[in-house]
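Everything below belongs to query.txt, which stores compact mmCIF, C-alpha atoms and all ligand atoms.
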```
# COMPACT_ATOMS: atom_id res chain seq x y z
CA MET C 289 11.88 -97.16 171.91
CA ASP C 290 14.15 -99.24 174.13
CA VAL C 291 12.82 -99.93 177.66
CA GLY C 292 15.42 -100.45 180.42
CA THR C 293 18.06 -99.17 178.01
CA GLY C 294 20.63 -98.68 180.79
CA PRO C 295 23.90 -97.47 179.28
CA GLY C 296 22.55 -98.39 175.82
CA ASN C 297 24.03 -101.87 175.61
CA PHE C 298 21.35 -103.21 173.26
CA ILE C 299 21.59 -100.31 170.81
CA PRO C 300 24.49 -101.83 168.78
CA GLU C 301 22.31 -104.90 168.14
CA LEU C 302 19.38 -102.71 167.06
CA LEU C 303 21.70 -100.77 164.73
CA GLU C 304 23.14 -103.96 163.29
CA ALA C 305 19.66 -105.19 162.38
CA MET C 306 18.27 -101.76 161.38
CA PRO C 307 21.13 -99.39 160.48
CA ASN C 308 18.88 -96.34 160.02
CA VAL C 309 16.89 -96.79 163.20
CA LYS C 310 16.42 -93.80 165.52
CA VAL C 311 16.36 -94.85 169.14
CA THR C 312 14.61 -93.37 172.17
CA GLY C 313 15.90 -95.09 175.29
CA VAL C 314 14.10 -95.03 178.64
CA ASP C 315 15.34 -96.11 182.06
CA PRO C 316 14.80 -94.95 185.66
CA ASN C 317 18.58 -94.92 186.31
CA VAL C 318 19.86 -91.41 185.61
CA GLY C 319 23.55 -92.39 185.76
CA SER C 320 23.11 -95.10 183.11
CA LEU C 321 21.18 -92.68 180.90
CA ASP C 322 24.07 -90.22 181.07
CA GLU C 323 26.42 -92.98 179.87
CA ALA C 324 24.03 -93.79 177.02
CA ARG C 325 23.82 -90.10 176.01
CA GLN C 326 27.60 -89.89 175.80
CA LYS C 327 27.77 -92.99 173.60
CA TYR C 328 24.82 -92.04 171.38
CA PRO C 329 24.53 -88.21 171.29
CA LYS C 330 22.10 -88.36 168.32
CA PHE C 331 19.51 -90.47 170.17
CA LYS C 332 17.03 -89.43 172.86
CA PHE C 333 17.15 -90.77 176.39
CA LYS C 334 14.47 -90.19 179.02
CA GLU C 335 14.15 -91.02 182.68
CA MET C 336 11.09 -93.25 182.88
CA PHE C 337 9.70 -96.51 184.26
CA GLY C 338 8.58 -99.11 181.73
CA GLU C 339 5.24 -99.49 183.53
CA ARG C 340 4.39 -95.80 183.02
CA LEU C 341 5.60 -94.65 179.63
CA ASP C 342 5.13 -90.94 179.11
CA PHE C 343 4.47 -91.21 175.35
CA SER C 344 1.27 -90.93 173.35
CA ASP C 345 -0.42 -93.98 171.78
CA ASN C 346 1.14 -95.25 168.52
CA ALA C 347 4.21 -93.04 168.92
CA PHE C 348 6.79 -95.62 167.76
CA ASP C 349 7.32 -98.21 165.02
CA ALA C 350 8.83 -100.69 167.45
CA ALA C 351 9.78 -101.18 171.09
CA SER C 352 12.45 -103.37 172.60
CA VAL C 353 13.39 -104.58 176.05
CA SER C 354 16.74 -106.26 176.59
CA MET C 355 18.10 -107.94 179.70
CA ALA C 356 15.63 -105.94 181.77
CA LEU C 357 12.51 -108.14 182.22
CA HIS C 358 13.93 -109.54 185.46
CA HIS C 359 14.40 -105.97 186.72
CA LEU C 360 10.80 -104.92 186.18
CA PRO C 361 8.37 -104.82 189.11
CA ASP C 362 5.47 -105.48 186.68
CA VAL C 363 6.42 -107.18 183.40
CA VAL C 364 2.91 -107.57 182.02
CA LYS C 365 2.05 -103.90 182.66
CA THR C 366 5.27 -102.89 180.91
CA PHE C 367 4.37 -105.02 177.87
CA ALA C 368 0.91 -103.40 177.87
CA GLU C 369 2.54 -99.96 177.84
CA MET C 370 4.93 -101.01 175.06
CA GLN C 371 1.98 -102.21 172.99
CA ARG C 372 0.11 -98.95 173.60
CA VAL C 373 2.96 -96.78 172.31
CA VAL C 374 3.72 -98.96 169.25
CA LYS C 375 1.68 -98.46 166.06
CA PRO C 376 -0.50 -101.35 164.88
CA GLY C 377 1.66 -103.52 162.63
CA GLY C 378 4.77 -102.42 164.49
CA PHE C 379 6.71 -104.88 166.56
CA ILE C 380 8.07 -105.68 169.98
CA ILE C 381 11.52 -107.23 170.45
CA VAL C 382 12.52 -109.02 173.64
CA ASN C 383 16.06 -110.11 174.41
CA GLU C 384 16.33 -111.75 177.81
CA LEU C 385 18.82 -114.10 179.43
CA PHE C 386 17.33 -117.26 180.86
CA SER C 387 18.08 -119.53 183.79
CA ASP C 388 17.64 -123.09 182.46
CA ASN C 389 19.61 -125.40 180.15
CA LEU C 390 22.88 -123.64 180.86
CA ASN C 391 26.35 -125.16 180.73
CA PRO C 392 28.48 -125.14 183.93
CA ALA C 393 30.29 -121.88 183.01
CA GLN C 394 26.92 -120.21 182.28
CA ASN C 395 25.60 -121.50 185.61
CA VAL C 396 28.42 -119.57 187.26
CA HIS C 397 27.13 -116.43 185.53
CA LYS C 398 23.62 -117.23 186.77
CA ARG C 399 24.86 -117.80 190.33
CA MET C 400 26.80 -114.49 190.33
CA HIS C 401 23.85 -112.69 188.81
CA HIS C 402 21.45 -114.06 191.42
CA PHE C 403 23.93 -113.11 194.15
CA ARG C 404 23.87 -109.57 192.78
CA SER C 405 20.08 -109.46 192.45
CA LYS C 406 19.67 -110.54 196.10
CA ILE C 407 21.97 -107.71 197.16
CA ASP C 408 20.09 -105.22 194.97
CA ARG C 409 16.78 -106.29 196.53
CA LEU C 410 18.20 -105.84 200.03
CA LYS C 411 19.17 -102.31 198.96
CA GLY C 412 15.63 -101.68 197.67
CA VAL C 413 16.51 -101.95 193.96
CA SER C 414 14.04 -103.92 191.81
CA HIS C 415 16.02 -106.96 190.57
CA ASN C 416 14.56 -110.47 190.51
CA ALA C 417 16.04 -113.87 189.73
CA THR C 418 16.15 -114.60 185.99
CA PHE C 419 13.27 -116.49 184.36
CA THR C 420 13.36 -119.80 182.51
CA LYS C 421 12.98 -119.59 178.74
CA LYS C 422 9.46 -120.99 178.99
CA GLU C 423 8.52 -118.36 181.59
CA ILE C 424 9.79 -115.55 179.35
CA LEU C 425 7.76 -116.74 176.36
CA ALA C 426 4.71 -117.23 178.62
CA LEU C 427 5.03 -113.68 180.01
CA ILE C 428 5.00 -112.27 176.47
CA GLU C 429 1.91 -114.30 175.62
CA THR C 430 0.18 -113.43 178.90
CA ALA C 431 0.56 -109.80 177.86
CA GLY C 432 -1.60 -110.62 174.81
CA LEU C 433 1.24 -110.64 172.30
CA GLU C 434 1.50 -113.30 169.63
CA ILE C 435 5.13 -114.34 169.12
CA ASP C 436 6.09 -114.36 165.41
CA LEU C 437 9.54 -115.86 165.93
CA HIS C 438 11.99 -116.65 168.65
CA PHE C 439 15.52 -118.02 168.79
CA GLU C 440 18.34 -118.55 171.23
CA ASN C 441 21.32 -116.23 171.24
CA THR C 442 24.54 -117.49 172.82
CA LYS C 443 27.59 -115.32 172.72
CA ALA C 444 30.57 -117.53 171.85
CA GLN C 445 33.19 -116.90 174.48
CA ASN C 446 36.74 -118.04 175.08
CA LYS C 447 37.75 -119.51 178.41
CA PRO C 448 38.30 -116.44 180.62
CA ALA C 449 41.89 -115.40 181.32
CA PRO C 450 43.07 -115.64 184.95
CA ASP C 451 42.93 -111.84 185.36
CA GLU C 452 39.27 -111.84 184.24
CA ILE C 453 38.47 -114.49 186.86
CA ALA C 454 40.31 -112.38 189.46
CA GLU C 455 38.28 -109.31 188.41
CA ARG C 456 35.03 -111.22 188.78
CA LYS C 457 36.06 -112.36 192.27
CA GLU C 458 36.80 -108.75 193.18
CA LYS C 459 33.38 -107.73 191.88
CA LEU C 460 31.76 -110.25 194.25
CA LEU C 461 33.51 -108.63 197.20
CA ASP C 462 32.49 -105.15 196.00
CA MET C 463 28.86 -106.30 195.81
CA LEU C 464 29.07 -107.75 199.30
CA ASP C 465 30.59 -104.53 200.61
CA GLY C 466 27.36 -102.78 199.61
CA ILE C 467 25.49 -104.66 202.36
CA LYS C 468 28.18 -104.71 205.06
CA ASN C 469 25.82 -103.10 207.59
CA PHE C 470 22.91 -105.44 206.81
CA PRO C 471 22.01 -108.43 209.01
CA GLU C 472 22.15 -110.61 205.85
CA PHE C 473 25.86 -109.81 205.37
CA GLN C 474 27.13 -112.87 207.29
CA GLY C 475 24.90 -115.33 205.43
CA MET C 476 25.75 -113.90 202.01
CA SER C 477 29.50 -113.82 202.83
CA LYS C 478 29.38 -117.61 203.04
CA GLU C 479 28.34 -117.81 199.40
CA VAL C 480 31.46 -116.02 198.17
CA PRO C 481 34.03 -118.85 198.57
CA GLU C 482 31.55 -121.27 196.95
CA ILE C 483 31.13 -119.01 193.92
CA GLU C 484 34.89 -118.43 193.76
CA ARG C 485 35.43 -122.19 193.68
CA GLU C 486 32.93 -122.52 190.85
CA LEU C 487 34.65 -119.72 188.94
CA ASP C 488 37.98 -121.54 189.25
CA LEU C 489 36.46 -124.86 188.27
CA HIS C 490 34.19 -123.88 185.38
CA GLY C 491 35.16 -120.37 184.29
CA PHE C 492 32.46 -117.91 183.26
CA GLN C 493 30.21 -117.58 180.26
CA MET C 494 27.21 -115.31 179.74
CA ALA C 495 23.88 -117.13 180.05
CA THR C 496 22.00 -117.78 176.79
CA CYS C 497 19.36 -115.21 175.80
CA VAL C 498 16.07 -115.82 174.10
CA VAL C 499 15.15 -113.28 171.43
CA ALA C 500 11.45 -113.02 170.62
CA VAL C 501 9.67 -110.79 168.12
CA ALA C 502 5.92 -110.11 168.23
CA THR C 503 3.75 -107.95 165.98
CA VAL C 504 1.38 -105.45 167.61
CA ASN C 505 -2.22 -105.72 166.36
C1 LIG C 601 20.84 -105.21 183.02
S1 LIG C 601 20.26 -103.63 182.58
C2 LIG C 601 19.92 -103.85 180.85
C3 LIG C 601 20.60 -102.80 180.02
C4 LIG C 601 20.50 -102.99 178.52
N1 LIG C 601 19.14 -102.93 178.05
C5 LIG C 601 21.14 -104.29 178.07
O1 LIG C 601 20.59 -104.95 177.15
O2 LIG C 601 22.21 -104.67 178.57
C6 LIG C 601 18.62 -103.54 183.26
C7 LIG C 601 18.07 -102.13 183.24
O3 LIG C 601 16.67 -102.15 183.64
C8 LIG C 601 16.45 -100.91 184.28
N2 LIG C 601 15.18 -100.91 185.03
C9 LIG C 601 14.96 -101.26 186.32
N3 LIG C 601 13.68 -101.08 186.65
C10 LIG C 601 13.06 -100.59 185.55
C11 LIG C 601 11.73 -100.19 185.26
N4 LIG C 601 10.76 -100.27 186.17
N5 LIG C 601 11.45 -99.74 184.01
C12 LIG C 601 12.42 -99.68 183.07
N6 LIG C 601 13.69 -100.05 183.29
C13 LIG C 601 14.02 -100.49 184.51
C14 LIG C 601 17.68 -100.73 185.16
O4 LIG C 601 17.84 -99.40 185.59
C15 LIG C 601 18.78 -101.21 184.22
O5 LIG C 601 19.36 -100.13 183.50
```

Can I see the file as structure tokens?
Amino acid sequence: MDVGTGPGNFIPELLEAMPNVKVTGVDPNVGSLDEARQKYPKFKFKEMFGERLDFSDNAFDAASVSMALHHLPDVVKTFAEMQRVVKPGGFIIVNELFSDNLNPAQNVHKRMHHFRSKIDRLKGVSHNATFTKKEILALIETAGLEIDLHFENTKAQNKPAPDEIAERKEKLLDMLDGIKNFPEFQGMSKEVPEIERELDLHGFQMATCVVAVATVN
């Protein structure tokens, strides 16, 4: 069961590790779930919040949450729900990007991501700044889970082509457009040329993720 599955972006990784796995994805965003259903017609997708999973106890062998911890209003409650629905001896997989020890190109990703999360919050969408690696591991442990293993996952990326940089700059303006009637618009507009400069200077690379696996007792 994949919490915060969105359009199903983590499913290829689950399938790579466990080719026969059957996935049930949950997410409150109906549009993303529709995308996931189109990509994976054999899997189940349900509209649901991670903090209130509508499944019985011990319903799944494993549960995952990828790139979604920083979207959750209550991370520890979501981990408690994930533990409830996973059978004893089953496991929980976390894949989450972190905000520290990044190279300059990854810091540009972080800056753009935090720009987006601020805009989402203004629009009432739950989206927080990303956590440090230490904070992510501490959240898992605070939820009573014992981490069996964890490692860093960096996607090797080439220097972005000029048209990719241009696309990212356009995305920034699209995001800003979403708050054009908000009092914060002026202040946030000032950030755009700074981020554009950083994009030109350093390029863009996805932030590193930490992957952690914990067994449910
Ligand atoms: C960046 S996407 C992650 C998508 C995918 N899991 C991945 O690895 O790329 C974060 C997802 O968390 C979802 N989300 C936000 N609040 C949530 C909540 N309370 N419970 C579960 N998912 C939530 C969002 O709708 C969004 O689809």

Which polymer residues, whether protein, DNA or RNA, lie within 9 Å of the coordinate (-0.3, -93.9, 168.9) when you count only C-alpha atoms? List them as a VMD selection string, using the chain letters and numbers from the file. chain C and resid 343 to 348 372 to 376

Mind running stretch 362-436 of chain C against stretch 481-505 of chain C at 7 Å and telling me each contacting residue's nearest atom pair with the distance in Å (one decimal), counting all atoms listed in the file, chain and number ascending, as JSON lines?
```
{"residue": "C:Gln371", "atom": "CA", "partner": "C:Val504", "partner_atom": "CA", "distance": 6.3}
{"residue": "C:Pro376", "atom": "CA", "partner": "C:Asn505", "partner_atom": "CA", "distance": 4.9}
{"residue": "C:Gly377", "atom": "CA", "partner": "C:Val504", "partner_atom": "CA", "distance": 5.3}
{"residue": "C:Gly378", "atom": "CA", "partner": "C:Val504", "partner_atom": "CA", "distance": 5.5}
{"residue": "C:Phe379", "atom": "CA", "partner": "C:Thr503", "partner_atom": "CA", "distance": 4.3}
{"residue": "C:Ile380", "atom": "CA", "partner": "C:Ala502", "partner_atom": "CA", "distance": 5.2}
{"residue": "C:Ile381", "atom": "CA", "partner": "C:Val501", "partner_atom": "CA", "distance": 4.6}
{"residue": "C:Val382", "atom": "CA", "partner": "C:Ala500", "partner_atom": "CA", "distance": 5.1}
{"residue": "C:Asn383", "atom": "CA", "partner": "C:Val499", "partner_atom": "CA", "distance": 4.4}
{"residue": "C:Glu384", "atom": "CA", "partner": "C:Cys497", "partner_atom": "CA", "distance": 5.0}
{"residue": "C:Leu385", "atom": "CA", "partner": "C:Cys497", "partner_atom": "CA", "distance": 3.8}
{"residue": "C:Phe386", "atom": "CA", "partner": "C:Cys497", "partner_atom": "CA", "distance": 5.8}
{"residue": "C:Leu390", "atom": "CA", "partner": "C:Ala495", "partner_atom": "CA", "distance": 6.6}
{"residue": "C:Pro392", "atom": "CA", "partner": "C:His490", "partner_atom": "CA", "distance": 6.0}
{"residue": "C:Ala393", "atom": "CA", "partner": "C:Phe492", "partner_atom": "CA", "distance": 4.5}
{"residue": "C:Gln394", "atom": "CA", "partner": "C:Gln493", "partner_atom": "CA", "distance": 4.7}
{"residue": "C:Val396", "atom": "CA", "partner": "C:Phe492", "partner_atom": "CA", "distance": 5.9}
{"residue": "C:His397", "atom": "CA", "partner": "C:Met494", "partner_atom": "CA", "distance": 5.9}
{"residue": "C:Lys398", "atom": "CA", "partner": "C:Ala495", "partner_atom": "CA", "distance": 6.7}
{"residue": "C:Lys421", "atom": "CA", "partner": "C:Val498", "partner_atom": "CA", "distance": 6.7}
{"residue": "C:Leu433", "atom": "CA", "partner": "C:Ala502", "partner_atom": "CA", "distance": 6.2}
{"residue": "C:Glu434", "atom": "CA", "partner": "C:Ala502", "partner_atom": "CA", "distance": 5.6}
{"residue": "C:Ile435", "atom": "CA", "partner": "C:Ala502", "partner_atom": "CA", "distance": 4.4}
{"residue": "C:Asp436", "atom": "CA", "partner": "C:Ala502", "partner_atom": "CA", "distance": 5.1}
```

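Nearest residue to ligand LIG 601 (chain C) among C:Ile299, C:Val311, C:Ala356, C:Leu341 is C:Ala356, counting only C-alpha atoms and all ligand atoms.
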
Write out as a tab-separated table a residue-level contact list of chain C versus ligand LIG 601 (chain C) with cut-off 6 Å: for each qualifying residue the closest pair of atoms and the distance in Å to one decimal, counting all atoms listed in the file, rows sorted by chain and residue number upward.
```
residue	atom	partner	partner_atom	distance
C:Val291	CA	C:LIG601	C12	5.4
C:Gly292	CA	C:LIG601	N6	3.4
C:Thr293	CA	C:LIG601	N1	3.9
C:Gly294	CA	C:LIG601	O5	3.3
C:Gly296	CA	C:LIG601	C4	5.7
C:Asn297	CA	C:LIG601	O2	4.5
C:Phe298	CA	C:LIG601	O1	4.3
C:Asp315	CA	C:LIG601	N6	4.4
C:Pro316	CA	C:LIG601	O4	5.4
C:Asn317	CA	C:LIG601	O4	4.6
C:Phe337	CA	C:LIG601	N5	3.7
C:Gly338	CA	C:LIG601	N5	3.7
C:Ser354	CA	C:LIG601	O1	4.1
C:Met355	CA	C:LIG601	C2	4.6
C:Ala356	CA	C:LIG601	C6	4.1
C:His359	CA	C:LIG601	C9	4.8
C:Leu360	CA	C:LIG601	N4	4.7
C:Pro361	CA	C:LIG601	N4	5.9
C:Ser414	CA	C:LIG601	N3	5.9
```

Please indicate the distance in Å from atom CA of C:Val309 to atom CA of C:Ile428, rounded to one decimal place.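 One can read the atom CA of C:Val309 to atom CA of C:Ile428 distance as 23.6 Å.
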
So what do you get for atom CA of C:Leu427 versus atom CA of C:Lys411, distance-wise?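 Spanning atom CA of C:Leu427 to atom CA of C:Lys411 is a straight-line distance of 26.2 Å.
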
If you count only C-alpha atoms, which residues fall within 9 Å of C:Lys332, apart from same-chain ones fewer than 6 positions away, as number ranges by chain? C: 310-314, 325

Create the file for the chosen residues now, containing C-alpha atoms and written as a tab-separated table (two decimals), keeping the file's coordinate frame.
```tsv
chain	number	residue	atom	x	y	z
C	310	LYS	CA	16.42	-93.80	165.52
C	311	VAL	CA	16.36	-94.85	169.14
C	312	THR	CA	14.61	-93.37	172.17
C	313	GLY	CA	15.90	-95.09	175.29
C	314	VAL	CA	14.10	-95.03	178.64
C	325	ARG	CA	23.82	-90.10	176.01
```

If you measure from atom CA of C:Lys365 to atom CA of C:Arg340, what distance in Å do you get, rounded to one decimal?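 Rounded to one decimal, the two atoms are 8.4 Å apart.
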
If you count only C-alpha atoms, which residues fall within 12 Å of C:Asp462, apart from same-chain ones fewer than 6 positions away, as a PDB file with C-alpha atoms, in the coordinates of the input?
```pdb
ATOM      1  CA  PHE C 403      23.930-113.110 194.150  1.00  0.00           C
ATOM      2  CA  ARG C 404      23.870-109.570 192.780  1.00  0.00           C
ATOM      3  CA  ILE C 407      21.970-107.710 197.160  1.00  0.00           C
ATOM      4  CA  GLU C 455      38.280-109.310 188.410  1.00  0.00           C
ATOM      5  CA  ARG C 456      35.030-111.220 188.780  1.00  0.00           C
ATOM      6  CA  LYS C 468      28.180-104.710 205.060  1.00  0.00           C
ATOM      7  CA  SER C 477      29.500-113.820 202.830  1.00  0.00           C
ATOM      8  CA  VAL C 480      31.460-116.020 198.170  1.00  0.00           C
TER       9      VAL C 480
END
```

When distances are computed from all atoms listed in the file, which of C:Asp290, C:Gln445, C:Phe331, C:Gln326 shows the smallest separation from C:Ala350?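 Nearest candidate to C:Ala350 out of C:Asp290, C:Gln445, C:Phe331, C:Gln326: C:Asp290.
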
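You can rank C:Asn308, C:Asn446, C:Asn389, C:Thr420 by their closest distance to C:His358 using all atoms listed in the file, and at the top of that list sits C:Thr420.
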
To test the calculation: enclose all listed atoms of stretch 468-483 of chain C in a box whose edges run along x, y and z, add 5 Å on each side, then state centre and edge lengths in Å to one decimal, as lines of an AutoDock Vina configuration file.
```
center_x = 28.0
center_y = -112.2
center_z = 201.5
size_x = 22.0
size_y = 28.2
size_z = 25.1
```

Mind filling out stretch 462-483 of chain C with N, CA and C atoms and sending it as a short mmCIF file (atom, residue, chain, number, x, y, z; two decimals), keeping the file's coordinate frame?
```
data_model
loop_
_atom_site.label_atom_id
_atom_site.label_comp_id
_atom_site.auth_asym_id
_atom_site.auth_seq_id
_atom_site.Cartn_x
_atom_site.Cartn_y
_atom_site.Cartn_z
N ASP C 462 33.06 -106.51 196.08
CA ASP C 462 32.49 -105.15 196.00
C ASP C 462 30.99 -105.18 196.26
N MET C 463 30.32 -106.19 195.64
CA MET C 463 28.86 -106.30 195.81
C MET C 463 28.55 -106.49 197.29
N LEU C 464 29.30 -107.41 197.90
CA LEU C 464 29.07 -107.75 199.30
C LEU C 464 29.29 -106.53 200.19
N ASP C 465 30.27 -105.73 199.83
CA ASP C 465 30.59 -104.53 200.61
C ASP C 465 29.37 -103.60 200.69
N GLY C 466 28.55 -103.64 199.65
CA GLY C 466 27.36 -102.78 199.61
C GLY C 466 26.34 -103.11 200.69
N ILE C 467 26.47 -104.31 201.31
CA ILE C 467 25.49 -104.66 202.36
C ILE C 467 26.21 -104.94 203.69
N LYS C 468 27.39 -104.34 203.86
CA LYS C 468 28.18 -104.71 205.06
C LYS C 468 27.47 -104.38 206.37
N ASN C 469 26.53 -103.43 206.33
CA ASN C 469 25.82 -103.10 207.59
C ASN C 469 24.47 -103.80 207.70
N PHE C 470 24.19 -104.74 206.80
CA PHE C 470 22.91 -105.44 206.81
C PHE C 470 23.04 -106.74 207.61
N PRO C 471 21.94 -107.17 208.28
CA PRO C 471 22.01 -108.43 209.01
C PRO C 471 22.29 -109.63 208.09
N GLU C 472 21.96 -109.50 206.80
CA GLU C 472 22.15 -110.61 205.85
C GLU C 472 23.61 -110.77 205.43
N PHE C 473 24.46 -109.81 205.83
CA PHE C 473 25.86 -109.81 205.37
C PHE C 473 26.57 -111.15 205.64
N GLN C 474 26.43 -111.63 206.90
CA GLN C 474 27.13 -112.87 207.29
C GLN C 474 26.75 -114.03 206.37
N GLY C 475 25.43 -114.22 206.22
CA GLY C 475 24.90 -115.33 205.43
C GLY C 475 25.39 -115.24 203.99
N MET C 476 25.37 -114.04 203.42
CA MET C 476 25.75 -113.90 202.01
C MET C 476 27.27 -114.03 201.85
N SER C 477 28.02 -113.68 202.91
CA SER C 477 29.50 -113.82 202.83
C SER C 477 29.87 -115.27 202.58
N LYS C 478 29.05 -116.18 203.16
CA LYS C 478 29.38 -117.61 203.04
C LYS C 478 29.29 -118.10 201.60
N GLU C 479 28.50 -117.39 200.80
CA GLU C 479 28.34 -117.81 199.40
C GLU C 479 29.58 -117.51 198.57
N VAL C 480 30.35 -116.49 199.02
CA VAL C 480 31.46 -116.02 198.17
C VAL C 480 32.50 -117.11 197.88
N PRO C 481 33.03 -117.81 198.91
CA PRO C 481 34.03 -118.85 198.57
C PRO C 481 33.47 -119.94 197.68
N GLU C 482 32.16 -120.24 197.83
CA GLU C 482 31.55 -121.27 196.95
C GLU C 482 31.56 -120.78 195.50
N ILE C 483 31.17 -119.53 195.30
CA ILE C 483 31.13 -119.01 193.92
C ILE C 483 32.55 -118.91 193.36
#
```
